[in-house]
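Coordinates from data11.pdb are shown below (PDB, C-alpha atoms).
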MODEL        1
ATOM      1  CA  MET A 219       0.000   0.000   0.000  1.00  0.00           C
ATOM      2  CA  THR A 220       2.902   2.271   0.684  1.00  0.00           C
ATOM      3  CA  ASN A 221       4.002   1.678  -2.881  1.00  0.00           C
ATOM      4  CA  MET A 222       0.699   2.976  -4.207  1.00  0.00           C
ATOM      5  CA  LEU A 223       0.883   6.089  -2.096  1.00  0.00           C
ATOM      6  CA  ASN A 224       4.418   6.877  -3.217  1.00  0.00           C
ATOM      7  CA  GLN A 225       3.529   6.797  -6.926  1.00  0.00           C
ATOM      8  CA  SER A 226       3.659  10.099  -8.692  1.00  0.00           C
ATOM      9  CA  THR A 227       0.429  11.769  -9.761  1.00  0.00           C
ATOM     10  CA  ARG A 228       2.024  13.539 -12.740  1.00  0.00           C
ATOM     11  CA  LEU A 229       1.228  12.528 -16.357  1.00  0.00           C
ATOM     12  CA  PRO A 230       3.542  10.067 -18.085  1.00  0.00           C
ATOM     13  CA  ARG A 231       6.274  11.774 -20.104  1.00  0.00           C
ATOM     14  CA  LEU A 232       6.469  11.172 -23.857  1.00  0.00           C
ATOM     15  CA  THR A 233       9.758  10.124 -25.308  1.00  0.00           C
ATOM     16  CA  LYS A 234      11.061  11.999 -28.331  1.00  0.00           C
ATOM     17  CA  ILE A 235      10.268   9.130 -30.737  1.00  0.00           C
ATOM     18  CA  LYS A 236       6.759   8.629 -29.380  1.00  0.00           C
ATOM     19  CA  GLY A 237       6.143  12.366 -29.645  1.00  0.00           C
ATOM     20  CA  LEU A 238       7.281  12.498 -33.282  1.00  0.00           C
ATOM     21  CA  LEU A 239       5.176   9.471 -34.116  1.00  0.00           C
ATOM     22  CA  LEU A 240       2.082  10.990 -32.492  1.00  0.00           C
ATOM     23  CA  ALA A 241       2.662  14.346 -34.218  1.00  0.00           C
ATOM     24  CA  SER A 242       3.051  12.606 -37.606  1.00  0.00           C
ATOM     25  CA  LEU A 243      -0.181  10.668 -37.155  1.00  0.00           C
ATOM     26  CA  LEU A 244      -2.093  13.799 -36.188  1.00  0.00           C
ATOM     27  CA  ALA A 245      -0.654  15.782 -39.094  1.00  0.00           C
ATOM     28  CA  GLY A 246      -1.528  12.971 -41.524  1.00  0.00           C
ATOM     29  CA  ALA A 247      -5.075  12.758 -40.213  1.00  0.00           C
ATOM     30  CA  LEU A 248      -5.521  16.512 -40.582  1.00  0.00           C
ATOM     31  CA  LEU A 249      -4.026  16.662 -44.105  1.00  0.00           C
ATOM     32  CA  ALA A 250      -5.699  13.538 -45.558  1.00  0.00           C
ATOM     33  CA  PRO A 251      -8.936  15.289 -46.615  1.00  0.00           C
ATOM     34  CA  PHE A 252      -6.904  17.821 -48.586  1.00  0.00           C
ATOM     35  CA  ILE A 253      -4.607  15.305 -50.287  1.00  0.00           C
ATOM     36  CA  ILE A 254      -6.986  12.442 -51.113  1.00  0.00           C
ATOM     37  CA  PRO A 255      -9.652  13.515 -53.645  1.00  0.00           C
ATOM     38  CA  ALA A 256     -13.172  13.118 -52.391  1.00  0.00           C
ATOM     39  CA  GLN A 257     -15.703  10.947 -54.225  1.00  0.00           C
ATOM     40  CA  LYS A 258     -18.127  13.105 -56.157  1.00  0.00           C
ATOM     41  CA  ALA A 259     -21.807  12.349 -56.313  1.00  0.00           C
ATOM     42  CA  HIS A 260     -23.306  12.892 -59.757  1.00  0.00           C
ATOM     43  CA  ALA A 261     -26.942  13.176 -60.701  1.00  0.00           C
ATOM     44  CA  GLY A 262     -27.009  12.862 -64.499  1.00  0.00           C
ATOM     45  CA  ASN A 263     -25.302  16.183 -65.209  1.00  0.00           C
ATOM     46  CA  ASP A 264     -22.427  16.922 -67.598  1.00  0.00           C
ATOM     47  CA  ASP A 265     -19.880  15.870 -64.984  1.00  0.00           C
ATOM     48  CA  SER A 266     -21.125  12.331 -64.456  1.00  0.00           C
ATOM     49  CA  ASP A 267     -18.350  10.594 -66.462  1.00  0.00           C
ATOM     50  CA  LEU A 268     -20.585   7.493 -66.648  1.00  0.00           C
ATOM     51  CA  GLY A 269     -20.040   6.667 -62.997  1.00  0.00           C
ATOM     52  CA  ALA A 270     -18.712   3.112 -62.838  1.00  0.00           C
ATOM     53  CA  ASN A 271     -17.625   2.838 -66.507  1.00  0.00           C
ATOM     54  CA  SER A 272     -13.863   3.238 -66.446  1.00  0.00           C
ATOM     55  CA  GLU A 273     -13.662   3.759 -70.231  1.00  0.00           C
ATOM     56  CA  PRO A 274     -16.530   5.827 -71.688  1.00  0.00           C
ATOM     57  CA  LEU A 275     -15.938   4.571 -75.252  1.00  0.00           C
ATOM     58  CA  LEU A 276     -16.799   0.928 -74.519  1.00  0.00           C
ATOM     59  CA  GLY A 277     -20.022  -0.454 -75.928  1.00  0.00           C
ATOM     60  CA  THR A 278     -22.144  -0.102 -79.059  1.00  0.00           C
ATOM     61  CA  TRP A 279     -22.988   3.215 -80.693  1.00  0.00           C
ATOM     62  CA  LEU A 280     -25.401   4.396 -83.402  1.00  0.00           C
ATOM     63  CA  VAL A 281     -23.307   6.790 -85.485  1.00  0.00           C
ATOM     64  CA  GLN A 282     -24.511   9.029 -88.319  1.00  0.00           C
ATOM     65  CA  VAL A 283     -21.733   9.504 -90.876  1.00  0.00           C
ATOM     66  CA  THR A 284     -21.688  12.622 -93.055  1.00  0.00           C
ATOM     67  CA  LEU A 285     -19.271  12.617 -95.994  1.00  0.00           C
ATOM     68  CA  ASP A 286     -17.798  15.900 -97.195  1.00  0.00           C
ATOM     69  CA  PRO A 287     -19.348  16.287-100.687  1.00  0.00           C
ATOM     70  CA  ASN A 288     -16.114  17.854-101.954  1.00  0.00           C
ATOM     71  CA  SER A 289     -14.188  14.660-101.104  1.00  0.00           C
ATOM     72  CA  VAL A 290     -16.342  12.177-103.056  1.00  0.00           C
ATOM     73  CA  PRO A 291     -17.644  11.828-106.634  1.00  0.00           C
ATOM     74  CA  PRO A 292     -21.100  13.247-107.444  1.00  0.00           C
ATOM     75  CA  GLY A 293     -23.938  10.844-106.672  1.00  0.00           C
ATOM     76  CA  THR A 294     -22.197   9.298-103.639  1.00  0.00           C
ATOM     77  CA  THR A 295     -24.395   8.609-100.634  1.00  0.00           C
ATOM     78  CA  LEU A 296     -23.445  11.417 -98.239  1.00  0.00           C
ATOM     79  CA  VAL A 297     -25.252  10.397 -95.035  1.00  0.00           C
ATOM     80  CA  PHE A 298     -25.571   6.885 -93.613  1.00  0.00           C
ATOM     81  CA  THR A 299     -25.421   5.094 -90.266  1.00  0.00           C
ATOM     82  CA  VAL A 300     -22.763   2.767 -88.879  1.00  0.00           C
ATOM     83  CA  VAL A 301     -22.942   0.680 -85.721  1.00  0.00           C
ATOM     84  CA  PRO A 302     -19.502   0.258 -84.121  1.00  0.00           C
ATOM     85  CA  THR A 303     -18.866  -1.760 -80.977  1.00  0.00           C
ATOM     86  CA  PHE A 304     -15.733  -0.852 -79.016  1.00  0.00           C
ATOM     87  CA  GLY A 305     -14.285  -3.642 -76.883  1.00  0.00           C
ATOM     88  CA  ALA A 306     -12.194  -3.365 -73.717  1.00  0.00           C
ATOM     89  CA  GLY A 307      -9.126  -4.876 -75.408  1.00  0.00           C
ATOM     90  CA  GLY A 308      -8.930  -2.087 -78.013  1.00  0.00           C
ATOM     91  CA  GLY A 309     -10.851  -3.884 -80.783  1.00  0.00           C
ATOM     92  CA  ILE A 310     -13.696  -2.617 -82.981  1.00  0.00           C
ATOM     93  CA  VAL A 311     -16.304  -4.415 -85.049  1.00  0.00           C
ATOM     94  CA  GLN A 312     -18.657  -2.332 -87.141  1.00  0.00           C
ATOM     95  CA  GLY A 313     -21.582  -2.797 -89.474  1.00  0.00           C
ATOM     96  CA  GLU A 314     -23.554  -0.387 -91.616  1.00  0.00           C
ATOM     97  CA  THR A 315     -27.310  -0.065 -91.481  1.00  0.00           C
ATOM     98  CA  GLY A 316     -27.940   1.591 -94.813  1.00  0.00           C
ATOM     99  CA  ASN A 317     -26.645   2.208 -98.293  1.00  0.00           C
ATOM    100  CA  GLY A 318     -23.130   3.314 -97.396  1.00  0.00           C
ATOM    101  CA  PRO A 319     -20.014   3.487 -99.530  1.00  0.00           C
ATOM    102  CA  GLY A 320     -19.420  -0.277 -99.456  1.00  0.00           C
ATOM    103  CA  GLY A 321     -22.084  -1.163-102.014  1.00  0.00           C
ATOM    104  CA  VAL A 322     -25.814  -1.658-102.182  1.00  0.00           C
ATOM    105  CA  GLY A 323     -27.640  -2.367 -98.912  1.00  0.00           C
ATOM    106  CA  GLY A 324     -25.182  -2.126 -96.022  1.00  0.00           C
ATOM    107  CA  ALA A 325     -21.615  -3.191 -96.292  1.00  0.00           C
ATOM    108  CA  PRO A 326     -20.079  -6.110 -94.471  1.00  0.00           C
ATOM    109  CA  GLU A 327     -18.555  -5.590 -91.091  1.00  0.00           C
ATOM    110  CA  ALA A 328     -15.356  -3.645 -90.609  1.00  0.00           C
ATOM    111  CA  HIS A 329     -12.756  -4.669 -88.064  1.00  0.00           C
ATOM    112  CA  GLY A 330     -10.062  -2.601 -86.401  1.00  0.00           C
ATOM    113  CA  ASN A 331      -8.403  -1.232 -83.316  1.00  0.00           C
ATOM    114  CA  TRP A 332      -8.733   1.857 -81.140  1.00  0.00           C
ATOM    115  CA  VAL A 333      -6.415   3.598 -78.675  1.00  0.00           C
ATOM    116  CA  LYS A 334      -6.970   6.347 -76.105  1.00  0.00           C
ATOM    117  CA  THR A 335      -5.115   9.569 -76.974  1.00  0.00           C
ATOM    118  CA  GLY A 336      -6.309  11.838 -74.140  1.00  0.00           C
ATOM    119  CA  TYR A 337      -9.200  12.476 -71.779  1.00  0.00           C
ATOM    120  CA  ASN A 338     -12.215  10.931 -73.607  1.00  0.00           C
ATOM    121  CA  ARG A 339     -10.272  11.247 -76.908  1.00  0.00           C
ATOM    122  CA  TYR A 340      -9.442   8.339 -79.178  1.00  0.00           C
ATOM    123  CA  ALA A 341      -7.915   7.306 -82.494  1.00  0.00           C
ATOM    124  CA  ALA A 342      -8.923   4.239 -84.491  1.00  0.00           C
ATOM    125  CA  THR A 343      -8.308   2.445 -87.769  1.00  0.00           C
ATOM    126  CA  THR A 344     -10.713  -0.027 -89.384  1.00  0.00           C
ATOM    127  CA  ARG A 345     -10.644  -2.030 -92.595  1.00  0.00           C
ATOM    128  CA  ALA A 346     -13.556  -3.429 -94.559  1.00  0.00           C
ATOM    129  CA  PRO A 347     -13.932  -5.208 -97.912  1.00  0.00           C
ATOM    130  CA  ASP A 348     -15.890  -3.572-100.746  1.00  0.00           C
ATOM    131  CA  TYR A 349     -18.152  -5.411-103.205  1.00  0.00           C
ATOM    132  CA  ASP A 350     -19.960  -4.395-106.375  1.00  0.00           C
ATOM    133  CA  ASP A 351     -23.697  -4.883-106.946  1.00  0.00           C
ATOM    134  CA  ALA A 352     -23.071  -8.489-108.045  1.00  0.00           C
ATOM    135  CA  HIS A 353     -21.221  -9.126-104.753  1.00  0.00           C
ATOM    136  CA  HIS A 354     -17.783  -9.431-106.359  1.00  0.00           C
ATOM    137  CA  PHE A 355     -14.827  -8.253-104.302  1.00  0.00           C
ATOM    138  CA  THR A 356     -13.593  -4.887-105.630  1.00  0.00           C
ATOM    139  CA  GLY A 357     -11.131  -3.851-102.939  1.00  0.00           C
ATOM    140  CA  GLU A 358     -11.242  -2.508 -99.427  1.00  0.00           C
ATOM    141  CA  ARG A 359     -11.434   0.693 -97.473  1.00  0.00           C
ATOM    142  CA  LYS A 360      -9.273   1.716 -94.584  1.00  0.00           C
ATOM    143  CA  VAL A 361     -10.809   4.339 -92.284  1.00  0.00           C
ATOM    144  CA  LYS A 362      -8.682   6.469 -89.960  1.00  0.00           C
ATOM    145  CA  ASP A 363     -10.692   8.127 -87.188  1.00  0.00           C
ATOM    146  CA  ILE A 364     -10.273  10.637 -84.417  1.00  0.00           C
ATOM    147  CA  PHE A 365     -13.141  11.088 -82.011  1.00  0.00           C
ATOM    148  CA  MET A 366     -14.198  12.064 -78.548  1.00  0.00           C
ATOM    149  CA  VAL A 367     -16.873  11.074 -76.062  1.00  0.00           C
ATOM    150  CA  ASN A 368     -18.638  13.812 -74.102  1.00  0.00           C
ATOM    151  CA  ARG A 369     -18.326  14.011 -70.317  1.00  0.00           C
ATOM    152  CA  ARG A 370     -21.645  12.219 -69.757  1.00  0.00           C
ATOM    153  CA  GLY A 371     -20.410   9.353 -71.922  1.00  0.00           C
ATOM    154  CA  ASP A 372     -23.532   9.323 -74.097  1.00  0.00           C
ATOM    155  CA  GLU A 373     -22.419  11.211 -77.223  1.00  0.00           C
ATOM    156  CA  LEU A 374     -19.615  10.507 -79.696  1.00  0.00           C
ATOM    157  CA  THR A 375     -18.306  13.029 -82.260  1.00  0.00           C
ATOM    158  CA  GLY A 376     -15.373  12.952 -84.606  1.00  0.00           C
ATOM    159  CA  SER A 377     -13.878  13.060 -88.056  1.00  0.00           C
ATOM    160  CA  PHE A 378     -12.374  10.534 -90.444  1.00  0.00           C
ATOM    161  CA  LYS A 379     -10.506   9.993 -93.698  1.00  0.00           C
ATOM    162  CA  LEU A 380     -10.672   6.942 -95.959  1.00  0.00           C
ATOM    163  CA  ASP A 381      -8.095   5.203 -98.087  1.00  0.00           C
ATOM    164  CA  LEU A 382      -9.814   3.340-100.922  1.00  0.00           C
ATOM    165  CA  ILE A 383      -7.791   0.359-102.070  1.00  0.00           C
ATOM    166  CA  GLN A 384      -8.551  -1.549-105.289  1.00  0.00           C
ATOM    167  CA  ALA A 385      -8.534  -5.347-105.472  1.00  0.00           C
ATOM    168  CA  ASP A 386      -4.977  -5.298-106.916  1.00  0.00           C
ATOM    169  CA  GLY A 387      -3.711  -3.230-103.932  1.00  0.00           C
ATOM    170  CA  THR A 388      -3.617   0.160-105.687  1.00  0.00           C
ATOM    171  CA  VAL A 389      -4.559   3.024-103.336  1.00  0.00           C
ATOM    172  CA  LEU A 390      -6.798   5.526-105.116  1.00  0.00           C
ATOM    173  CA  PRO A 391      -5.485   9.126-105.224  1.00  0.00           C
ATOM    174  CA  PHE A 392      -8.544  10.697-103.564  1.00  0.00           C
ATOM    175  CA  HIS A 393      -9.497  10.271 -99.905  1.00  0.00           C
ATOM    176  CA  PRO A 394     -13.138  10.682 -98.875  1.00  0.00           C
ATOM    177  CA  ALA A 395     -13.462  12.449 -95.526  1.00  0.00           C
ATOM    178  CA  GLY A 396     -16.187  13.599 -93.196  1.00  0.00           C
ATOM    179  CA  THR A 397     -17.573  13.806 -89.709  1.00  0.00           C
ATOM    180  CA  TYR A 398     -19.844  11.798 -87.507  1.00  0.00           C
ATOM    181  CA  HIS A 399     -22.105  12.108 -84.523  1.00  0.00           C
ATOM    182  CA  GLY A 400     -23.340   9.193 -82.453  1.00  0.00           C
ATOM    183  CA  VAL A 401     -25.263   8.134 -79.391  1.00  0.00           C
ATOM    184  CA  ARG A 402     -25.140   4.950 -77.362  1.00  0.00           C
ATOM    185  CA  MET A 403     -27.376   2.167 -78.567  1.00  0.00           C
ATOM    186  CA  PRO A 404     -30.225   2.208 -76.054  1.00  0.00           C
ATOM    187  CA  ILE A 405     -31.273  -0.850 -74.106  1.00  0.00           C
ATOM    188  CA  GLU A 406     -35.010  -1.197 -74.545  1.00  0.00           C
ATOM    189  CA  PRO A 407     -37.336  -3.246 -72.355  1.00  0.00           C
ATOM    190  CA  LEU A 408     -39.089  -6.225 -73.921  1.00  0.00           C
ATOM    191  CA  ASN A 409     -42.591  -5.031 -73.040  1.00  0.00           C
TER     192      ASN A 409
ENDMDL
END

Would you give me this structure, written as structure tokens?
Amino acid sequence: MTNMLNQSTRLPRLTKIKGLLLASLLAGALLAPFIIPAQKAHAGNDDSDLGANSEPLLGTWLVQVTLDPNSVPPGTTLVFTVVPTFGAGGGIVQGETGNGPGGVGGAPEAHGNWVKTGYNRYAATTRAPDYDDAHHFTGERKVKDIFMVNRRGDELTGSFKLDLIQADGTVLPFHPAGTYHGVRMPIEPLN
């Protein structure tokens, strides 16, 4: 009992190392909100960035293509729709839904690759065979694209240039060009 009465009533003294450690922890706790970016809540505005979708380009789009009339021969179909699907591995498959430049009634699918070039900005190249009205192979077209997805992730715009290649491998001296505007293919309920 004498031992208990002889004990000091003063607070325990911090050692230098314990003091530095405690000060560091407190400083870190106070600075963390300023260093670590806070999660933002989005309610369908221009800043939503598609929420959980880490790459806004991924998925299938309905894209209206508009050819520059000065870059193609007279009588060429100037407006048509393509349906590209962008995959997570950087691949593209694309079909046309109308009378585009690949022949009568929608051209066969194009295949290619895409790469990210900046924030919601991309470059891509696709190739597709061309056929005449009798479905004979006449060559192919190579399309070089640049495009961007808006901040909401629901609109795609861009421009392109084509190389037209004949069946014997000759690249034609003119290069059709144009722009496009697209929206995501909607998911529609069955009923």

Evaluated on this file, the PyMOL selection byres ((chain A and resi 363) around 9) picks out some residues - which ones are they, written as a ChimeraX atom specification? /A:332,340-344,361-362,364-365,376-380

How many Å separate CA of Pro302 in chain A from CA of Asp348 in chain A?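 Spanning CA of Pro302 in chain A to CA of Asp348 in chain A is a straight-line distance of 17.4 Å.
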
Two-atom distance - CA of Leu275 in chain A, CA of Gly305 in chain A (Å): 8.5 Å

Answer key for the PyMOL selection byres ((chain A and resi 284) around 10), residues as a short mmCIF file (atom, residue, chain, number, x, y, z; two decimals) with C-alpha atoms, in the frame of the given file:
data_model
loop_
_atom_site.label_atom_id
_atom_site.label_comp_id
_atom_site.auth_asym_id
_atom_site.auth_seq_id
_atom_site.Cartn_x
_atom_site.Cartn_y
_atom_site.Cartn_z
CA VAL A 281 -23.31 6.79 -85.48
CA GLN A 282 -24.51 9.03 -88.32
CA VAL A 283 -21.73 9.50 -90.88
CA LEU A 285 -19.27 12.62 -95.99
CA ASP A 286 -17.80 15.90 -97.20
CA PRO A 287 -19.35 16.29 -100.69
CA THR A 295 -24.40 8.61 -100.63
CA LEU A 296 -23.44 11.42 -98.24
CA VAL A 297 -25.25 10.40 -95.04
CA PHE A 298 -25.57 6.88 -93.61
CA THR A 299 -25.42 5.09 -90.27
CA SER A 377 -13.88 13.06 -88.06
CA PHE A 378 -12.37 10.53 -90.44
CA ALA A 395 -13.46 12.45 -95.53
CA GLY A 396 -16.19 13.60 -93.20
CA THR A 397 -17.57 13.81 -89.71
CA TYR A 398 -19.84 11.80 -87.51
CA HIS A 399 -22.10 12.11 -84.52
#

Output of the PyMOL selection byres ((chain A and resi 393) around 6), listed as a list in words: Leu380, Asp381, Phe392 and Pro394 of chain A

Atoms to include: C-alpha atoms. Write the selected residues as a compact mmCIF listing (two decimals), in the coordinates of the input.
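So the final result, stored in out-v1.txt, reads:
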# COMPACT_ATOMS: atom_id res chain seq x y z
CA LEU A 380 -10.67 6.94 -95.96
CA ASP A 381 -8.10 5.20 -98.09
CA PHE A 392 -8.54 10.70 -103.56
CA PRO A 394 -13.14 10.68 -98.88

Per-axis box centre and lengths in Å around range 404-409 of chain A, 5 Å margin per side, axis-aligned, as AutoDock Vina command-line options:
--center_x -36.4 --center_y -2.0 --center_z -74.2 --size_x 22.4 --size_y 18.4 --size_z 13.7

Work out how far apart CA of Gly330 in chain A and CA of Arg359 in chain A are and give it in Å to one decimal. 11.6 Å

Could you check the closest approach to Thr335 in chain A for each of A:Glu314, A:Ile405, A:Gly309, A:Met366 and tell me which residue wins, using only C-alpha atoms?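 Using only C-alpha atoms, the shortest distance to Thr335 in chain A belongs to A:Met366.
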
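Checking A:Gly308, A:Gly371, A:Gly313, A:Pro391 one by one against Ala346 in chain A, counting all atoms listed in the file, you find the shortest gap at A:Gly313.
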
Choose the residue, out of A:Arg339, A:Arg345, A:His329, A:Lys360, that has the smallest atom-to-atom separation from Leu382 in chain A; count only C-alpha atoms.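 The closest residue to Leu382 in chain A is A:Lys360.
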